[in-house]
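S.K.: This is input-v8.txt, which holds compact mmCIF, C-alpha atoms:
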```txt
# COMPACT_ATOMS: atom_id res chain seq x y z
CA MET F 1 98.70 160.09 149.50
CA SER F 2 101.91 160.10 151.53
CA TYR F 3 105.32 159.07 150.21
CA LEU F 4 104.92 155.77 152.08
CA ASP F 5 101.63 155.20 150.24
CA ASN F 6 103.37 155.91 146.93
CA ILE F 7 106.08 153.36 147.73
CA LEU F 8 103.56 150.75 148.84
CA PHE F 9 101.59 151.33 145.64
CA ALA F 10 104.73 150.90 143.53
CA VAL F 11 105.49 147.60 145.32
CA LEU F 12 101.91 146.40 144.76
CA LEU F 13 102.12 147.35 141.09
CA ILE F 14 105.46 145.60 140.54
CA ALA F 15 104.24 142.46 142.32
CA GLY F 16 100.96 142.38 140.37
CA PHE F 17 102.48 142.85 136.94
CA GLY F 18 105.46 140.64 137.86
CA PHE F 19 103.24 137.65 138.71
CA PHE F 20 101.20 138.30 135.59
CA ALA F 21 104.33 138.36 133.39
CA ALA F 22 105.49 135.07 134.95
CA SER F 23 102.09 133.49 134.19
CA VAL F 24 102.16 134.71 130.59
CA LYS F 25 105.65 133.26 130.21
CA LYS F 26 104.38 129.86 131.40
CA ILE F 27 101.45 129.98 129.00
CA ILE F 28 103.73 130.75 126.05
CA ARG F 29 106.11 127.96 127.13
CA ASN F 30 103.25 125.45 127.37
CA ILE F 31 101.78 126.44 124.00
CA ASN F 32 105.20 126.04 122.39
CA LEU F 33 105.31 122.42 123.58
CA GLY F 34 103.10 121.70 120.59
CA VAL F 35 104.25 120.67 117.13
CA ASP F 36 105.16 123.58 114.87
CA VAL F 37 102.64 124.52 112.19
CA ASP F 38 102.76 127.39 109.73
CA ARG F 39 99.92 129.88 110.19
CA LYS F 40 101.54 132.93 108.59
CA ASP F 41 99.80 132.68 105.24
CA ASN F 42 97.21 135.19 103.99
CA PRO F 43 97.72 137.89 106.67
CA LYS F 44 94.92 140.02 105.17
CA ALA F 45 92.32 137.31 105.84
CA ARG F 46 93.76 136.68 109.29
CA TRP F 47 93.57 140.35 110.32
CA LYS F 48 90.00 140.45 109.01
CA ASN F 49 89.10 137.39 111.09
CA MET F 50 90.56 138.95 114.21
CA ALA F 51 88.80 142.28 113.61
CA LEU F 52 85.38 140.73 112.95
CA ILE F 53 85.38 137.82 115.39
CA ALA F 54 87.60 138.83 118.33
CA LEU F 55 87.11 142.60 118.29
CA GLY F 56 83.71 142.82 116.58
CA GLN F 57 82.36 139.63 118.22
CA SER F 58 80.37 138.80 115.09
CA LYS F 59 79.81 135.18 116.16
CA MET F 60 78.70 136.12 119.67
CA VAL F 61 75.63 138.02 118.48
CA ARG F 62 74.24 134.97 116.68
CA ARG F 63 72.58 134.42 120.06
CA PRO F 64 71.41 138.04 120.52
CA VAL F 65 70.69 138.18 124.28
CA ALA F 66 73.99 136.70 125.40
CA GLY F 67 75.83 138.41 122.55
CA ILE F 68 74.68 141.95 123.30
CA LEU F 69 75.20 141.57 127.05
CA HIS F 70 78.66 140.13 126.43
CA ILE F 71 79.57 143.11 124.24
CA ILE F 72 78.54 145.45 127.07
CA VAL F 73 80.71 143.58 129.60
CA TYR F 74 83.58 143.37 127.12
CA ALA F 75 83.39 147.08 126.27
CA GLY F 76 83.12 147.95 129.95
CA PHE F 77 86.13 145.84 130.84
CA ILE F 78 88.29 147.37 128.10
CA ILE F 79 87.12 150.98 128.16
CA ILE F 80 86.79 151.48 131.92
CA ASN F 81 90.31 150.14 132.41
CA ILE F 82 91.61 153.02 130.31
CA GLU F 83 91.30 154.89 133.60
CA LEU F 84 93.79 152.41 135.04
CA LEU F 85 96.59 154.45 133.45
CA GLU F 86 95.47 157.56 135.36
CA ILE F 87 95.10 155.56 138.59
CA ILE F 88 98.65 154.25 138.21
CA ILE F 89 100.08 157.74 137.68
CA ASP F 90 98.05 159.17 140.58
CA GLY F 91 99.18 156.29 142.80
CA LEU F 92 102.85 156.69 141.96
CA PHE F 93 103.03 160.47 142.25
CA GLY F 94 100.25 161.27 144.72
CA THR F 95 98.27 163.37 142.22
CA HIS F 96 94.51 163.60 141.77
CA ARG F 97 92.79 163.17 138.38
CA ILE F 98 96.00 164.14 136.60
CA PHE F 99 94.53 163.93 133.08
CA ALA F 100 91.63 166.31 133.79
CA PRO F 101 93.46 169.63 133.17
CA TYR F 102 94.86 168.38 129.87
CA LEU F 103 91.71 166.79 128.41
CA GLY F 104 89.11 169.32 129.55
CA VAL F 105 85.61 168.49 128.29
CA VAL F 106 86.88 165.24 126.79
CA TYR F 107 87.76 164.09 130.31
CA ASP F 108 84.21 164.80 131.49
CA VAL F 109 82.82 162.74 128.61
CA LEU F 110 85.22 159.86 129.36
CA ILE F 111 84.39 159.67 133.07
CA ALA F 112 80.66 159.91 132.31
CA SER F 113 80.91 157.09 129.74
CA PHE F 114 82.90 154.97 132.21
CA GLU F 115 80.13 155.34 134.78
CA ILE F 116 77.33 154.53 132.35
CA LEU F 117 79.25 151.46 131.19
CA ALA F 118 79.85 150.42 134.81
CA ILE F 119 76.12 150.36 135.60
CA LEU F 120 75.44 148.50 132.33
CA VAL F 121 78.13 145.95 133.24
CA ILE F 122 76.50 145.39 136.64
CA PHE F 123 73.15 144.85 134.92
CA SER F 124 74.63 142.47 132.32
CA VAL F 125 76.57 140.48 134.90
CA THR F 126 73.40 140.14 137.01
CA VAL F 127 71.56 138.71 134.00
CA PHE F 128 74.46 136.29 133.35
CA TRP F 129 74.34 135.18 136.99
CA LEU F 130 70.58 134.58 136.79
CA ARG F 131 70.99 132.58 133.57
CA ARG F 132 73.56 130.34 135.23
CA ASN F 133 72.13 129.96 138.71
CA PHE F 134 68.39 130.68 138.55
CA ILE F 135 67.22 129.96 135.00
CA ARG F 136 69.96 127.29 134.79
CA LEU F 137 70.36 127.02 131.03
CA LYS F 138 71.15 123.46 130.01
CA ARG F 139 74.65 124.20 128.72
CA PHE F 140 75.58 125.74 132.10
CA ILE F 141 74.45 122.73 134.15
CA HIS F 142 75.77 120.05 131.78
CA SER F 143 77.55 117.08 133.34
CA ASP F 144 80.91 118.14 131.86
CA LEU F 145 80.83 121.45 133.77
CA THR F 146 81.40 120.57 137.41
CA GLY F 147 83.75 121.52 140.23
CA PHE F 148 86.02 124.52 139.71
CA PRO F 149 85.01 125.18 136.04
CA LYS F 150 81.41 125.65 137.17
CA SER F 151 82.35 127.83 140.14
CA ASP F 152 84.91 129.77 138.09
CA ALA F 153 82.18 131.42 136.01
CA ASN F 154 80.47 132.69 139.15
CA TYR F 155 83.75 133.89 140.65
CA ILE F 156 84.33 135.99 137.53
CA LEU F 157 80.83 137.50 137.76
CA TYR F 158 81.36 138.35 141.44
CA PHE F 159 84.77 139.85 140.67
CA GLU F 160 83.39 142.06 137.90
CA THR F 161 80.44 143.21 140.02
CA VAL F 162 82.63 144.12 143.00
CA LEU F 163 85.12 145.99 140.78
CA MET F 164 82.33 148.05 139.20
CA ILE F 165 80.76 148.82 142.59
CA LEU F 166 84.13 149.89 144.00
CA PHE F 167 84.67 152.07 140.92
CA LEU F 168 81.35 153.85 141.47
CA LEU F 169 81.88 154.22 145.23
CA MET F 170 85.34 155.62 144.59
CA ASN F 171 83.88 158.17 142.19
CA ALA F 172 80.98 158.98 144.54
CA SER F 173 83.29 159.76 147.47
CA ASP F 174 85.55 161.71 145.09
CA TYR F 175 82.55 163.70 143.83
CA HIS F 176 81.47 164.45 147.42
CA LEU F 177 84.93 165.76 148.38
CA GLN F 178 85.20 167.79 145.16
CA ASN F 179 82.06 169.68 146.16
CA VAL F 180 82.96 170.43 149.77
CA PRO F 181 82.45 174.21 150.32
CA GLY F 182 85.83 175.89 150.23
CA GLY F 183 87.45 172.71 148.91
CA TYR F 184 89.04 169.77 150.70
CA SER F 185 92.68 168.74 150.55
CA HIS F 186 93.86 168.12 146.95
CA PHE F 187 90.42 167.16 145.60
CA HIS F 188 89.80 169.61 142.74
CA LYS F 189 86.72 169.54 140.52
CA ALA F 190 87.26 167.18 137.61
CA GLY F 191 85.04 164.85 135.61
CA SER F 192 81.32 164.30 135.15
CA TYR F 193 79.50 161.75 137.30
CA PRO F 194 76.02 160.84 135.95
CA ILE F 195 75.73 157.75 138.17
CA SER F 196 77.86 158.31 141.26
CA GLN F 197 76.36 161.76 141.88
CA PHE F 198 73.24 159.89 142.99
CA ILE F 199 75.33 157.62 145.24
CA ALA F 200 77.24 160.50 146.83
CA PRO F 201 74.39 161.55 149.20
CA ILE F 202 75.13 158.46 151.34
CA PHE F 203 78.17 160.41 152.59
CA ASN F 204 76.08 163.40 153.74
CA GLY F 205 76.47 163.95 157.45
CA THR F 206 79.82 162.16 157.48
CA SER F 207 82.94 164.17 158.29
CA ASN F 208 85.22 165.02 155.37
CA GLU F 209 88.09 163.15 157.03
CA VAL F 210 86.03 159.94 157.15
CA VAL F 211 84.89 160.35 153.52
CA GLY F 212 88.52 160.97 152.55
CA LEU F 213 89.49 157.77 154.34
CA LEU F 214 86.68 155.88 152.57
CA PHE F 215 87.90 157.23 149.24
CA GLU F 216 91.35 155.84 150.01
CA VAL F 217 89.83 152.44 150.92
CA PHE F 218 87.74 152.29 147.73
CA TRP F 219 90.71 153.43 145.65
CA TRP F 220 93.10 150.83 147.10
CA LEU F 221 90.53 148.02 146.91
CA HIS F 222 89.69 148.90 143.30
CA ILE F 223 93.29 148.88 142.05
CA ALA F 224 94.21 145.83 144.18
CA GLY F 225 91.10 144.06 142.86
CA ILE F 226 92.13 144.76 139.26
CA LEU F 227 95.63 143.36 139.88
CA VAL F 228 94.25 140.26 141.65
CA PHE F 229 91.73 139.69 138.85
CA MET F 230 94.48 140.12 136.25
CA ASN F 231 96.50 137.36 137.91
CA TYR F 232 93.42 135.18 138.36
CA LEU F 233 93.12 135.03 134.56
CA TYR F 234 95.90 132.42 134.42
CA PHE F 235 93.74 129.95 136.34
CA SER F 236 90.45 130.98 134.76
CA LYS F 237 88.43 130.57 131.60
CA HIS F 238 88.48 134.37 131.43
CA LEU F 239 91.93 134.08 129.86
CA HIS F 240 90.06 134.27 126.56
CA ILE F 241 89.82 138.06 126.86
CA LEU F 242 93.54 138.12 125.99
CA LEU F 243 93.94 135.01 123.82
CA ALA F 244 90.85 135.49 121.62
CA PHE F 245 92.86 137.88 119.45
CA PRO F 246 95.81 135.59 118.57
CA ASN F 247 93.47 132.60 118.47
CA THR F 248 91.27 134.11 115.76
CA TYR F 249 94.32 135.40 113.88
CA PHE F 250 96.00 131.99 113.75
CA ALA F 251 92.76 130.03 113.14
CA ASN F 252 92.60 127.60 110.24
CA LEU F 253 91.58 129.37 107.01
CA LYS F 254 90.87 126.18 105.07
CA PRO F 255 87.25 125.30 104.26
CA GLU F 256 85.52 123.48 107.10
CA GLY F 257 85.79 119.74 106.60
CA GLN F 258 89.10 119.93 104.72
CA PHE F 259 91.68 117.91 106.64
CA ASP F 260 95.41 118.04 106.24
CA ASN F 261 97.50 115.13 105.06
CA LEU F 262 100.27 113.76 107.24
CA ALA F 263 103.56 114.60 105.50
CA SER F 264 105.12 111.31 106.63
CA VAL F 265 102.25 109.29 105.11
CA THR F 266 102.29 111.31 101.88
CA LYS F 267 106.00 110.66 101.53
CA GLU F 268 105.54 106.90 102.06
CA VAL F 269 102.73 106.71 99.51
CA LYS F 270 104.77 108.58 96.89
CA LEU F 271 107.69 106.20 97.44
CA MET F 272 105.38 103.20 97.06
CA MET F 273 103.89 104.52 93.82
CA ASP F 274 107.20 105.50 92.22
CA PRO F 275 108.86 102.42 90.68
CA ASN F 276 112.18 104.24 90.44
CA ALA F 277 112.22 105.43 94.06
CA ASP F 278 114.94 104.30 96.45
CA PRO F 279 113.13 102.54 99.34
CA PHE F 280 115.99 103.47 101.68
CA ALA F 281 115.43 107.17 100.98
CA ALA F 282 112.62 107.14 103.56
CA ALA F 283 114.95 106.08 106.36
CA PRO F 284 115.74 108.80 108.91
CA ALA F 285 119.14 110.44 108.57
CA ASP F 286 119.86 109.68 112.22
CA GLU F 287 119.73 105.93 112.84
CA ASN F 288 118.77 106.56 116.47
CA ALA F 289 115.95 108.93 115.54
CA HIS F 290 112.42 107.85 116.35
CA PRO F 291 110.04 107.54 113.39
CA ALA F 292 107.35 110.18 113.08
CA LYS F 293 104.31 109.59 115.26
CA PHE F 294 100.99 109.23 113.49
CA GLY F 295 98.29 111.30 115.17
CA ALA F 296 98.29 112.42 118.79
CA SER F 297 98.09 110.62 122.11
CA ASP F 298 99.27 113.48 124.34
CA VAL F 299 99.40 117.26 124.27
CA GLN F 300 102.98 117.34 122.96
CA ASP F 301 101.73 115.61 119.78
CA LEU F 302 99.18 118.34 119.06
CA ASN F 303 100.23 121.48 117.21
CA TRP F 304 100.73 124.78 119.02
CA VAL F 305 97.54 126.30 117.57
CA GLN F 306 95.48 123.46 119.09
CA LEU F 307 97.13 124.14 122.46
CA LEU F 308 96.37 127.85 122.04
CA ASN F 309 92.75 126.79 121.35
CA ALA F 310 92.69 124.93 124.67
CA TYR F 311 93.83 127.98 126.64
CA THR F 312 91.38 130.23 124.75
CA CYS F 313 88.29 128.10 125.42
CA THR F 314 85.58 130.20 127.08
CA GLU F 315 83.72 127.11 128.38
CA CYS F 316 80.50 128.72 127.14
CA GLY F 317 79.15 125.35 125.97
CA ARG F 318 77.86 126.54 122.60
CA CYS F 319 79.86 123.77 120.94
CA THR F 320 78.39 121.05 123.14
CA SER F 321 74.83 122.40 122.89
CA SER F 322 75.05 122.21 119.08
CA CYS F 323 76.81 118.81 118.90
CA PRO F 324 74.44 116.18 117.41
CA ALA F 325 76.31 113.35 119.11
CA ASN F 326 75.86 114.99 122.51
CA GLN F 327 72.21 115.76 121.78
CA THR F 328 71.56 112.07 121.20
CA GLY F 329 73.01 111.11 124.57
CA LYS F 330 76.53 110.08 123.57
CA LYS F 331 79.45 110.90 125.85
CA LEU F 332 81.13 113.33 123.48
CA SER F 333 81.27 116.95 124.62
CA PRO F 334 83.47 119.24 122.49
CA ARG F 335 83.75 121.60 125.48
CA LYS F 336 85.13 118.74 127.59
CA ILE F 337 87.67 117.93 124.85
CA MET F 338 89.06 121.46 125.12
CA MET F 339 88.94 121.55 128.94
CA ASP F 340 90.67 118.16 129.18
CA THR F 341 93.37 119.30 126.77
CA ARG F 342 94.01 122.42 128.85
CA ASP F 343 94.02 120.42 132.11
CA ARG F 344 96.54 117.96 130.72
CA LEU F 345 98.67 120.78 129.30
CA THR F 346 98.67 122.48 132.70
CA GLU F 347 99.69 119.20 134.32
CA VAL F 348 102.56 118.76 131.85
CA GLY F 349 103.65 122.36 132.52
CA LYS F 350 103.72 121.74 136.28
CA ASN F 351 105.76 118.57 135.66
CA ILE F 352 108.31 120.61 133.69
CA ASP F 353 108.45 123.28 136.42
CA ALA F 354 108.97 120.64 139.12
CA ASN F 355 111.79 118.98 137.16
CA LYS F 356 113.82 122.06 136.28
CA GLY F 357 112.61 122.51 132.71
CA VAL F 358 112.49 118.84 131.68
CA PHE F 359 109.37 116.74 131.29
CA VAL F 360 109.60 113.49 133.22
CA PRO F 361 107.19 110.79 131.93
CA ASP F 362 104.33 110.41 134.39
CA ASN F 363 102.65 107.36 132.86
CA LYS F 364 99.68 109.49 131.85
CA THR F 365 98.45 110.71 128.47
CA LEU F 366 95.67 112.89 127.15
CA LEU F 367 94.22 109.81 125.45
CA ASN F 368 92.59 107.38 127.91
CA ASP F 369 93.53 109.29 131.09
CA TYR F 370 91.53 112.36 130.09
CA ILE F 371 89.70 111.63 126.85
CA THR F 372 88.29 108.17 126.11
CA PRO F 373 88.10 106.46 122.70
CA GLU F 374 84.32 106.28 123.18
CA GLU F 375 84.15 110.09 123.15
CA LEU F 376 86.35 110.33 120.06
CA TRP F 377 84.41 107.80 118.00
CA ALA F 378 81.08 109.40 118.89
CA CYS F 379 82.06 112.45 116.78
CA THR F 380 80.33 112.68 113.38
CA SER F 381 82.90 115.28 112.15
CA CYS F 382 80.02 117.58 111.19
CA ASN F 383 81.92 120.76 112.23
CA ALA F 384 78.96 122.10 114.24
CA CYS F 385 81.27 122.77 117.21
CA VAL F 386 83.72 124.70 115.04
CA GLU F 387 80.96 126.73 113.44
CA GLU F 388 79.40 127.63 116.81
CA CYS F 389 82.54 128.63 118.69
CA PRO F 390 82.59 132.42 119.17
CA VAL F 391 86.41 132.55 118.98
CA ASN F 392 87.11 129.98 116.20
CA ILE F 393 88.29 127.09 118.36
CA SER F 394 88.40 123.68 116.67
CA PRO F 395 87.73 120.71 118.98
CA LEU F 396 87.32 118.61 115.83
CA SER F 397 90.99 118.95 114.86
CA ILE F 398 92.04 117.45 118.21
CA ILE F 399 89.47 114.66 117.89
CA MET F 400 90.70 113.75 114.39
CA ASP F 401 94.38 113.74 115.41
CA MET F 402 93.61 111.42 118.33
CA ARG F 403 91.57 109.17 116.05
CA ARG F 404 94.54 109.00 113.70
CA TYR F 405 96.66 107.76 116.56
CA LEU F 406 94.12 105.08 117.47
CA VAL F 407 93.88 103.84 113.87
CA MET F 408 97.46 104.20 112.64
CA GLU F 409 99.44 103.53 115.81
CA GLN F 410 97.22 101.17 117.80
CA SER F 411 94.97 99.61 115.12
CA ALA F 412 92.17 100.36 117.54
CA ALA F 413 89.39 101.47 115.22
CA PRO F 414 85.82 100.24 115.89
CA MET F 415 84.89 96.95 114.24
CA SER F 416 82.55 98.61 111.74
CA LEU F 417 85.30 100.98 110.61
CA ASN F 418 87.82 98.16 110.28
CA ALA F 419 85.33 96.23 108.13
CA MET F 420 84.81 99.28 105.91
CA MET F 421 88.56 99.82 105.42
CA THR F 422 89.06 96.13 104.66
CA ASN F 423 86.31 96.28 102.04
CA ILE F 424 87.85 99.38 100.44
CA GLU F 425 91.22 97.62 100.29
CA ASN F 426 89.83 94.40 98.84
CA ASN F 427 86.81 95.55 96.86
CA GLY F 428 87.44 99.20 96.08
CA ALA F 429 84.22 100.12 97.93
CA PRO F 430 83.00 100.29 101.54
CA TRP F 431 80.54 97.44 100.95
CA GLN F 432 81.26 93.74 100.97
CA TYR F 433 80.80 92.78 97.37
CA SER F 434 83.16 92.29 94.45
CA GLN F 435 84.42 95.09 92.24
CA GLN F 436 82.48 93.66 89.31
CA ASP F 437 79.21 94.33 91.15
CA ARG F 438 79.99 97.91 92.15
CA LEU F 439 77.88 99.53 89.43
CA ASN F 440 74.90 97.18 89.60
CA TRP F 441 72.88 99.89 91.29
CA LYS F 442 72.74 101.94 88.06
CA ASN F 443 71.04 99.07 86.24
CA GLU F 444 68.45 98.76 88.96
CA ASN F 445 67.44 102.43 88.81
```
Any chance you could give the structure as structure tokens?
M.R.:
Amino acid sequence: MSYLDNILFAVLLIAGFGFFAASVKKIIRNINLGVDVDRKDNPKARWKNMALIALGQSKMVRRPVAGILHIIVYAGFIIINIELLEIIIDGLFGTHRIFAPYLGVVYDVLIASFEILAILVIFSVTVFWLRRNFIRLKRFIHSDLTGFPKSDANYILYFETVLMILFLLMNASDYHLQNVPGGYSHFHKAGSYPISQFIAPIFNGTSNEVVGLLFEVFWWLHIAGILVFMNYLYFSKHLHILLAFPNTYFANLKPEGQFDNLASVTKEVKLMMDPNADPFAAAPADENAHPAKFGASDVQDLNWVQLLNAYTCTECGRCTSSCPANQTGKKLSPRKIMMDTRDRLTEVGKNIDANKGVFVPDNKTLLNDYITPEELWACTSCNACVEECPVNISPLSIIMDMRRYLVMEQSAAPMSLNAMMTNIENNGAPWQYSQQDRLNWKNEN
């Protein structure tokens, strides 16, 4: 590579990582729009969760075919990109396989493993594509997965396939030039190529200058493709490859089904039950302060972990495919809950960007404009979606917070639920009979 190539590569690298850093900054800003919640307790359990679920993918393999193939793609993505460090150094300084002299046999093993993983990734991605577009599994053609979210999955598969093919072609042309009699340019023998050595014969009969040019093309396209894909993550469901780790670390450690109590409600109840309490003690210190909001109607009312959940969603549909409400034809789709939350959060973020860091009310909310009460009340709170999610996302927590808002802020519970709460208030039981008759059932059995 010439000095001009080195400079152009440096510019490309700075631009790629610069845009990525700006996107990460926006994501962090948007997540921090949520209400603060303490998730620093029990670090030992949290590290264990992250190791088993995010790194070990223990929940993915519950569905063995998809789980094993996903592990192959995941390992390929992480391990093959170790070579990215060498590519960056070679690109900046015009060297060739700079790590080879220092690692010796280890380098041969690494390059060989990269190639084997690359061909396995191509195979796995092909199977994923067939499952989505030919076999058409129900969760991939569900009504809640349309437009860009549906196409996004295919774009990712195409991206990964092209990157792996470019990687192998780059190695094949490199291998060819390394074995030119008498040597060629700065291409010295380095690495072991169990796959690309069988691709290299396509360059036989082609002049070394042309093969050298092709190597440059494959090299530039491969590194440029990695940088483009890295920046595409911000717009894509594939963001979970980064956020799965913090998401599993900060996941709720409480037993499934255990809900938190609203501090503001707990305080009110304690004041009501304490005959010696000062009723004015509950008043806000600032007379102009707004009272605490019960539940959530928009993304700013959710906590930051729930917003992190929304960005981490893989859109795999396991939650929706296991949801009993969805299976019986109701409108609820836990996957849609997470996608809608992310879409609204993105919209709020764009609003803030357009108004110089300040959110200007846009007469829209997550509730009603994105998620309907019908969807929320269809939930049976069975936790099937939480149990199925491979990265510990909790659509149920968002559903329950939005239900709280409907009940406690808008008095908009379904008629059957209002009747039940009235009966509990008047009769001490969900049924419409007097307290004296509550235990009649024991005399009848």
S.K.: Skip Ile122 (chain F) itself and residues of its chain fewer than 6 positions away, then list as a list in words all residues within 12 Å of it, counting only C-alpha atoms.
M.R.: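 The residues satisfying every condition are Leu69, His70, Ile72, Val73, Gly76, Phe77, Glu115, Ile116, Phe128, Trp129, Leu157, Tyr158, Phe159, Glu160, Thr161, Val162, Leu163, Met164, Ile165, Leu166, Phe167 and Leu168 of chain F.
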S.K.: Which polymer residues have any atom within 8 Å of an atom of region 243-245 of chain F, counting only C-alpha atoms, with same-chain residues fewer than 5 positions away left out, as a ChimeraX atom specification?
M.R.: /F:50,54-55,308,311-312,391
S.K.: Could you take the residues named above and write them with C-alpha atoms, as a PDB file, in the frame of the given file?
M.R.:
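What ended up in out02.pdb:
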```
ATOM      1  CA  MET F  50      90.560 138.950 114.210  1.00  0.00           C
ATOM      2  CA  ALA F  54      87.600 138.830 118.330  1.00  0.00           C
ATOM      3  CA  LEU F  55      87.110 142.600 118.290  1.00  0.00           C
ATOM      4  CA  LEU F 308      96.370 127.850 122.040  1.00  0.00           C
ATOM      5  CA  TYR F 311      93.830 127.980 126.640  1.00  0.00           C
ATOM      6  CA  THR F 312      91.380 130.230 124.750  1.00  0.00           C
ATOM      7  CA  VAL F 391      86.410 132.550 118.980  1.00  0.00           C
TER       8      VAL F 391
END
```
S.K.: Please measure the separation of CA of Gly147 (chain F) and CA of Arg344 (chain F), giving the value in Å to one decimal.
M.R.: 16.3 Å
S.K.: With distances taken over all atoms listed in the file, which residue among F:Pro395, F:Ala190, F:Pro390, F:Ile141 lies nearest Leu103 (chain F)?
M.R.: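 With all atoms listed in the file as the atom set, the closest residue is F:Ala190.
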S.K.: Closest to Glu83 (chain F) among F:Asn30, F:Asn276, F:Ser297, F:Asn171, using all atoms listed in the file?
M.R.: F:Asn171
S.K.: As a ChimeraX atom specification, please: the residues near Lys336 (chain F) (cut-off 12 Å, only C-alpha atoms, same-chain neighbours under 5 positions excluded).
M.R.: /F:139,142-146,149,310,313-321,326,331,341-344,370-372,375-376,385,395-396,398-399
